[in-house]
Amino acid sequence: MQSIPGYTYGSPALGPSPLNHQDLELLKASLLFTDDDHAALRQAGEVLADQVEEILDVWYGFVAAHPHLVYYFGGPDGNPSPEYLAAVRKRFGQWILDTCQRPYDAQWLAYQHEIGLRHHRSKKNQTDGFGAAPQVPMRYIVAFIYPITVTLRPFLAKKGHPQEQVERMHQAWFKAVVLQALLWCYPYVKEGDF
Ligand code: HEM
C-alpha cells in the first residue's frame with residue numbers, strides 16, 4: 001500500500017479523528033449499520049476486488065461527463081488535469097477495498113477525517129501537488145452518495161450470487177458510503193454543529 005503515492009492510511013502523522021469510538025457506534029446505530037453489514041461488506045470486497053478498474057471507469061466517466069464536476073479535477077490552468085485524475089484514481093481504487101475490508105476503528109476514523117480534509121480547502125490539492133479549485137463543495141459530496149451506490153449494483157451481481165445476497169451487499173455498501181460521506185462533511189460544518 002506504500003506504493004500508492006499520497007495514501008497515508010495508518011500513518012502516525014495523521015491527526016486523530018474528532019470522533020471517538022462511541023460517536024462512531026451511535027452513528028452506525030443511527031444508520032442501522034450492524035455486524036451483518038460488516039460481513040456483507042467483506043463479501044462485497046471479494047466480489048469487487050478484481051473489478052476495481054472497471055468500477056473506476058464508470059465513476060470517472062460519470063465525472064468526466066459533467067463539466068461542473070470535472071472542474072474540481074482541474075490543474076493549475078483550470079483544465080481537467082490527467083495527472084491529478086490519475087493520482088486520485090489509485091487512492092480511489094484502494095478506498096473501494098478499504099470500505100469493504102478495513103475494520104472501522106480509530107485508524108479508519110482518522111483516515112476518514114483526512115479524506116474529508118482533502119476535499120475541503122484545508123488540504124485539497126496538497127497531496128498530489130496540483131489542483132486549481134480550492135475545494136469540493138459539500139453539497140456535491142452528499143449528492144455523490146447516490147451515483148456511487150446505484151452504479152455499484154451490477155458489479156456486485158456479476159459473480160452469480162443469489163439476488164438476496166446481492167441486495168444485502170448493496171445495502172451494506174450504501175450505508176458505508178453514507179457513513180463516510182457524512183464523516184467527510186466535518187471540516188465544512190461550523191465548530192460545535194457537527
Ligand atoms: C479525492 C471518494 C465526492 C473530487 C477522493 C478520494 C476518494 C474519494 C476515495 C481519495 C482519498 C485519498 O486521498 O486517499 C469520494 C466519494 C465521494 C466523493 C466516495 C462521494 C460519496 C467527490 C466529489 C468531487 C470529488 C463530488 C467533485 C467532483 C475529488 C477530488 C479529490 C478527491 C478533486 C482529490 C482531492 C485532493 O486534492 O487531495 N475522493 N469522493 N469527490 N475527490 Fe472525492
# chains A, B, ... in the order shown; residues from 1 in each chain; ligands from 1

$ residues_near_ligand --ligand "ligand 1" --cutoff "6 Å" --atoms "only C-alpha atoms and all ligand atoms" --output "VMD selection string"
chain A and resid 7 69 to 70 72 to 73 88 91 to 92 95 115 118 to 119 124 to 127 136 140 to 141 144 to 145 181

$ write_last_selection --atoms "N, CA and C atoms" --output "mmCIF file, in the first residue's frame"
data_model
loop_
_atom_site.group_PDB
_atom_site.id
_atom_site.type_symbol
_atom_site.label_atom_id
_atom_site.label_comp_id
_atom_site.auth_asym_id
_atom_site.auth_seq_id
_atom_site.Cartn_x
_atom_site.Cartn_y
_atom_site.Cartn_z
ATOM 1 N N TYR A 7 -1.148 7.924 -0.277
ATOM 2 C CA TYR A 7 -2.082 7.110 0.519
ATOM 3 C C TYR A 7 -1.456 6.906 1.901
ATOM 4 N N LEU A 69 -18.497 18.980 -12.478
ATOM 5 C CA LEU A 69 -17.836 18.071 -11.531
ATOM 6 C C LEU A 69 -16.345 17.915 -11.867
ATOM 7 N N VAL A 70 -16.045 17.731 -13.149
ATOM 8 C CA VAL A 70 -14.645 17.537 -13.534
ATOM 9 C C VAL A 70 -13.836 18.815 -13.258
ATOM 10 N N TYR A 72 -13.449 20.187 -10.596
ATOM 11 C CA TYR A 72 -12.700 20.055 -9.334
ATOM 12 C C TYR A 72 -11.422 19.237 -9.502
ATOM 13 N N PHE A 73 -11.261 18.641 -10.683
ATOM 14 C CA PHE A 73 -10.019 17.955 -11.025
ATOM 15 C C PHE A 73 -9.181 18.799 -11.971
ATOM 16 N N VAL A 88 -5.382 10.569 -8.097
ATOM 17 C CA VAL A 88 -6.507 10.328 -7.184
ATOM 18 C C VAL A 88 -7.117 8.955 -7.461
ATOM 19 N N ARG A 91 -5.854 6.041 -5.355
ATOM 20 C CA ARG A 91 -6.334 6.014 -3.960
ATOM 21 C C ARG A 91 -7.831 5.697 -3.912
ATOM 22 N N PHE A 92 -8.538 6.123 -4.956
ATOM 23 C CA PHE A 92 -9.973 5.829 -5.029
ATOM 24 C C PHE A 92 -10.184 4.316 -5.127
ATOM 25 N N TRP A 95 -9.654 2.833 -1.876
ATOM 26 C CA TRP A 95 -10.792 3.169 -0.993
ATOM 27 C C TRP A 95 -11.931 2.150 -1.135
ATOM 28 N N ILE A 115 -9.583 12.208 4.573
ATOM 29 C CA ILE A 115 -10.235 12.302 3.251
ATOM 30 C C ILE A 115 -11.160 13.524 3.210
ATOM 31 N N ARG A 118 -9.122 16.473 2.634
ATOM 32 C CA ARG A 118 -8.594 16.518 1.268
ATOM 33 C C ARG A 118 -9.639 17.012 0.258
ATOM 34 N N HIS A 119 -10.901 16.932 0.599
ATOM 35 C CA HIS A 119 -11.933 17.521 -0.260
ATOM 36 C C HIS A 119 -12.136 19.009 0.087
ATOM 37 N N LYS A 124 -7.176 20.249 0.263
ATOM 38 C CA LYS A 124 -7.289 19.864 -1.159
ATOM 39 C C LYS A 124 -6.057 20.367 -1.917
ATOM 40 N N ASN A 125 -5.645 19.613 -2.900
ATOM 41 C CA ASN A 125 -4.535 19.953 -3.808
ATOM 42 C C ASN A 125 -3.152 19.752 -3.186
ATOM 43 N N GLN A 126 -3.086 19.407 -1.926
ATOM 44 C CA GLN A 126 -1.762 19.298 -1.283
ATOM 45 C C GLN A 126 -1.114 17.944 -1.535
ATOM 46 N N THR A 127 -1.942 16.889 -1.537
ATOM 47 C CA THR A 127 -1.378 15.538 -1.596
ATOM 48 C C THR A 127 -0.653 15.292 -2.907
ATOM 49 N N VAL A 136 -13.892 20.952 -2.925
ATOM 50 C CA VAL A 136 -15.119 20.346 -3.454
ATOM 51 C C VAL A 136 -16.257 20.811 -2.541
ATOM 52 N N TYR A 140 -21.968 18.557 -3.160
ATOM 53 C CA TYR A 140 -21.705 17.522 -4.164
ATOM 54 C C TYR A 140 -21.239 16.220 -3.511
ATOM 55 N N ILE A 141 -20.575 16.319 -2.386
ATOM 56 C CA ILE A 141 -20.159 15.092 -1.680
ATOM 57 C C ILE A 141 -21.409 14.304 -1.286
ATOM 58 N N PHE A 144 -23.192 12.787 -4.330
ATOM 59 C CA PHE A 144 -22.475 11.652 -4.917
ATOM 60 C C PHE A 144 -22.839 10.314 -4.282
ATOM 61 N N ILE A 145 -23.411 10.347 -3.112
ATOM 62 C CA ILE A 145 -23.774 9.081 -2.449
ATOM 63 C C ILE A 145 -24.623 8.239 -3.399
ATOM 64 N N ALA A 181 -19.365 9.595 3.730
ATOM 65 C CA ALA A 181 -19.645 10.932 3.194
ATOM 66 C C ALA A 181 -19.998 11.889 4.334
#

$ residues_around --residues "Gly75 of chain A" --least-positions-apart "4" --cutoff "12 Å" --atoms "only C-alpha atoms" --output "list in words"
Val70, Tyr71, Asn79, Pro80, Ser81, Pro82, Glu83, Tyr84, Leu85, Ala86, Asn125, Asp128, Gly129, Phe130, Gly131, Ala132, Ala133 and Pro134 of chain A

$ write_last_selection --atoms "N, CA and C atoms" --output "short mmCIF file (atom, residue, chain, number, x, y, z; two decimals), in the first residue's frame"
data_model
loop_
_atom_site.label_atom_id
_atom_site.label_comp_id
_atom_site.auth_asym_id
_atom_site.auth_seq_id
_atom_site.Cartn_x
_atom_site.Cartn_y
_atom_site.Cartn_z
N VAL A 70 -16.05 17.73 -13.15
CA VAL A 70 -14.65 17.54 -13.53
C VAL A 70 -13.84 18.81 -13.26
N TYR A 71 -14.55 19.90 -13.13
CA TYR A 71 -13.93 21.19 -12.76
C TYR A 71 -13.03 21.04 -11.52
N ASN A 79 -7.95 23.53 -16.49
CA ASN A 79 -8.44 22.43 -17.34
C ASN A 79 -8.26 21.11 -16.61
N PRO A 80 -9.15 20.11 -16.89
CA PRO A 80 -9.01 18.81 -16.23
C PRO A 80 -7.58 18.30 -16.37
N SER A 81 -6.98 17.92 -15.27
CA SER A 81 -5.58 17.51 -15.29
C SER A 81 -5.50 15.98 -15.28
N PRO A 82 -4.98 15.38 -16.39
CA PRO A 82 -4.86 13.91 -16.42
C PRO A 82 -4.00 13.39 -15.27
N GLU A 83 -2.97 14.13 -14.89
CA GLU A 83 -2.08 13.67 -13.81
C GLU A 83 -2.82 13.64 -12.48
N TYR A 84 -3.57 14.68 -12.23
CA TYR A 84 -4.32 14.78 -10.97
C TYR A 84 -5.38 13.67 -10.92
N LEU A 85 -6.11 13.53 -12.04
CA LEU A 85 -7.14 12.47 -12.10
C LEU A 85 -6.52 11.10 -11.87
N ALA A 86 -5.36 10.86 -12.47
CA ALA A 86 -4.73 9.55 -12.35
C ALA A 86 -4.22 9.31 -10.94
N ASN A 125 -5.64 19.61 -2.90
CA ASN A 125 -4.54 19.95 -3.81
C ASN A 125 -3.15 19.75 -3.19
N ASP A 128 -1.24 15.74 -4.01
CA ASP A 128 -0.63 15.48 -5.31
C ASP A 128 0.13 16.69 -5.85
N GLY A 129 0.04 17.79 -5.13
CA GLY A 129 0.83 18.95 -5.52
C GLY A 129 0.26 19.74 -6.69
N PHE A 130 -0.97 19.43 -7.10
CA PHE A 130 -1.62 20.30 -8.08
C PHE A 130 -3.12 20.29 -7.90
N GLY A 131 -3.78 21.19 -8.62
CA GLY A 131 -5.22 21.37 -8.45
C GLY A 131 -5.51 22.84 -8.36
N ALA A 132 -6.57 23.28 -9.03
CA ALA A 132 -6.88 24.70 -9.07
C ALA A 132 -8.06 25.06 -8.16
N ALA A 133 -9.14 24.25 -8.26
CA ALA A 133 -10.31 24.56 -7.44
C ALA A 133 -9.95 24.34 -5.97
N PRO A 134 -10.21 25.33 -5.13
CA PRO A 134 -9.74 25.21 -3.74
C PRO A 134 -10.44 24.14 -2.92
#

$ closest_residue --among "A:Ala110, A:Ala157, A:Leu48, A:Ile148" --to "Val63 of chain A" --atoms "only C-alpha atoms"
A:Ile148

$ closest_residue --among "A:His38, A:Asn20, A:Asp57, A:Val47" --to "Thr151 of chain A" --atoms "only C-alpha atoms"
A:Asp57

$ closest_atom_pairs --of "segment 11-89 of chain A" --to "segment 160-177 of chain A" --cutoff "7 Å" --atoms "only C-alpha atoms" --output "CSV"
residue,atom,partner,partner_atom,distance
A:Leu31,CA,A:Lys175,CA,6.6
A:Phe33,CA,A:Lys175,CA,6.7
A:Asp37,CA,A:Ala172,CA,4.9
A:Ala40,CA,A:Met169,CA,4.9
A:Leu41,CA,A:Met169,CA,6.0
A:Ala44,CA,A:Met169,CA,5.8

$ residues_around --residues "Asp50 of chain A" --least-positions-apart "4" --cutoff "12 Å" --atoms "only C-alpha atoms" --output "VMD selection string"
chain A and resid 44 to 46 54 to 56 93 to 94 96 to 97 155 to 156 158 to 159

$ closest_residue --among "A:Met138, A:Leu32, A:Ile4, A:Leu152" --to "Trp59 of chain A" --atoms "only C-alpha atoms"
A:Leu152

$ select_by_dssp --residues "segment 15-127 of chain A" --states "alpha helix (DSSP H)" --output "PyMOL selection string"
chain A and resi 21-30+35-48+52-64+67-70+82-101+106-119

$ atom_distance --atom1 "atom CA of Leu109 of chain A" --atom2 "atom CA of Arg153 of chain A"
25.7 Å

$ residues_around --residues "segment 189-192 of chain A" --least-positions-apart "3" --cutoff "12 Å" --atoms "only C-alpha atoms" --output "PyMOL selection string"
chain A and resi 18+116-117+120+137-139+182-186

$ write_last_selection --atoms "N, CA and C atoms" --output "PDB file, in the first residue's frame"
ATOM      1  N   PRO A  18     -11.839  13.701  15.037  1.00  0.00           N
ATOM      2  CA  PRO A  18     -12.513  14.381  16.163  1.00  0.00           C
ATOM      3  C   PRO A  18     -13.592  13.492  16.793  1.00  0.00           C
ATOM      4  N   GLY A 116     -11.861  13.767   4.325  1.00  0.00           N
ATOM      5  CA  GLY A 116     -12.706  14.975   4.401  1.00  0.00           C
ATOM      6  C   GLY A 116     -11.861  16.225   4.179  1.00  0.00           C
ATOM      7  N   LEU A 117     -10.715  16.289   4.866  1.00  0.00           N
ATOM      8  CA  LEU A 117      -9.846  17.462   4.731  1.00  0.00           C
ATOM      9  C   LEU A 117      -9.332  17.598   3.293  1.00  0.00           C
ATOM     10  N   HIS A 120     -11.797  19.355   1.305  1.00  0.00           N
ATOM     11  CA  HIS A 120     -12.027  20.700   1.842  1.00  0.00           C
ATOM     12  C   HIS A 120     -10.815  21.588   1.569  1.00  0.00           C
ATOM     13  N   PRO A 137     -17.309  21.421  -3.104  1.00  0.00           N
ATOM     14  CA  PRO A 137     -18.401  21.849  -2.220  1.00  0.00           C
ATOM     15  C   PRO A 137     -19.058  20.658  -1.527  1.00  0.00           C
ATOM     16  N   MET A 138     -19.428  20.855  -0.302  1.00  0.00           N
ATOM     17  CA  MET A 138     -20.015  19.770   0.483  1.00  0.00           C
ATOM     18  C   MET A 138     -21.273  19.199  -0.175  1.00  0.00           C
ATOM     19  N   ARG A 139     -22.049  20.054  -0.822  1.00  0.00           N
ATOM     20  CA  ARG A 139     -23.320  19.567  -1.390  1.00  0.00           C
ATOM     21  C   ARG A 139     -23.082  18.466  -2.418  1.00  0.00           C
ATOM     22  N   LEU A 182     -20.736  11.383   5.318  1.00  0.00           N
ATOM     23  CA  LEU A 182     -21.107  12.306   6.399  1.00  0.00           C
ATOM     24  C   LEU A 182     -19.895  12.622   7.267  1.00  0.00           C
ATOM     25  N   LEU A 183     -18.997  11.662   7.449  1.00  0.00           N
ATOM     26  CA  LEU A 183     -17.776  11.949   8.220  1.00  0.00           C
ATOM     27  C   LEU A 183     -16.928  13.001   7.493  1.00  0.00           C
ATOM     28  N   TRP A 184     -16.936  12.946   6.156  1.00  0.00           N
ATOM     29  CA  TRP A 184     -16.135  13.900   5.375  1.00  0.00           C
ATOM     30  C   TRP A 184     -16.710  15.310   5.439  1.00  0.00           C
ATOM     31  N   CYS A 185     -17.952  15.438   5.892  1.00  0.00           N
ATOM     32  CA  CYS A 185     -18.561  16.774   5.992  1.00  0.00           C
ATOM     33  C   CYS A 185     -18.002  17.563   7.180  1.00  0.00           C
ATOM     34  N   TYR A 186     -17.322  16.864   8.081  1.00  0.00           N
ATOM     35  CA  TYR A 186     -16.902  17.510   9.339  1.00  0.00           C
ATOM     36  C   TYR A 186     -16.212  18.867   9.132  1.00  0.00           C
TER      37      TYR A 186
END
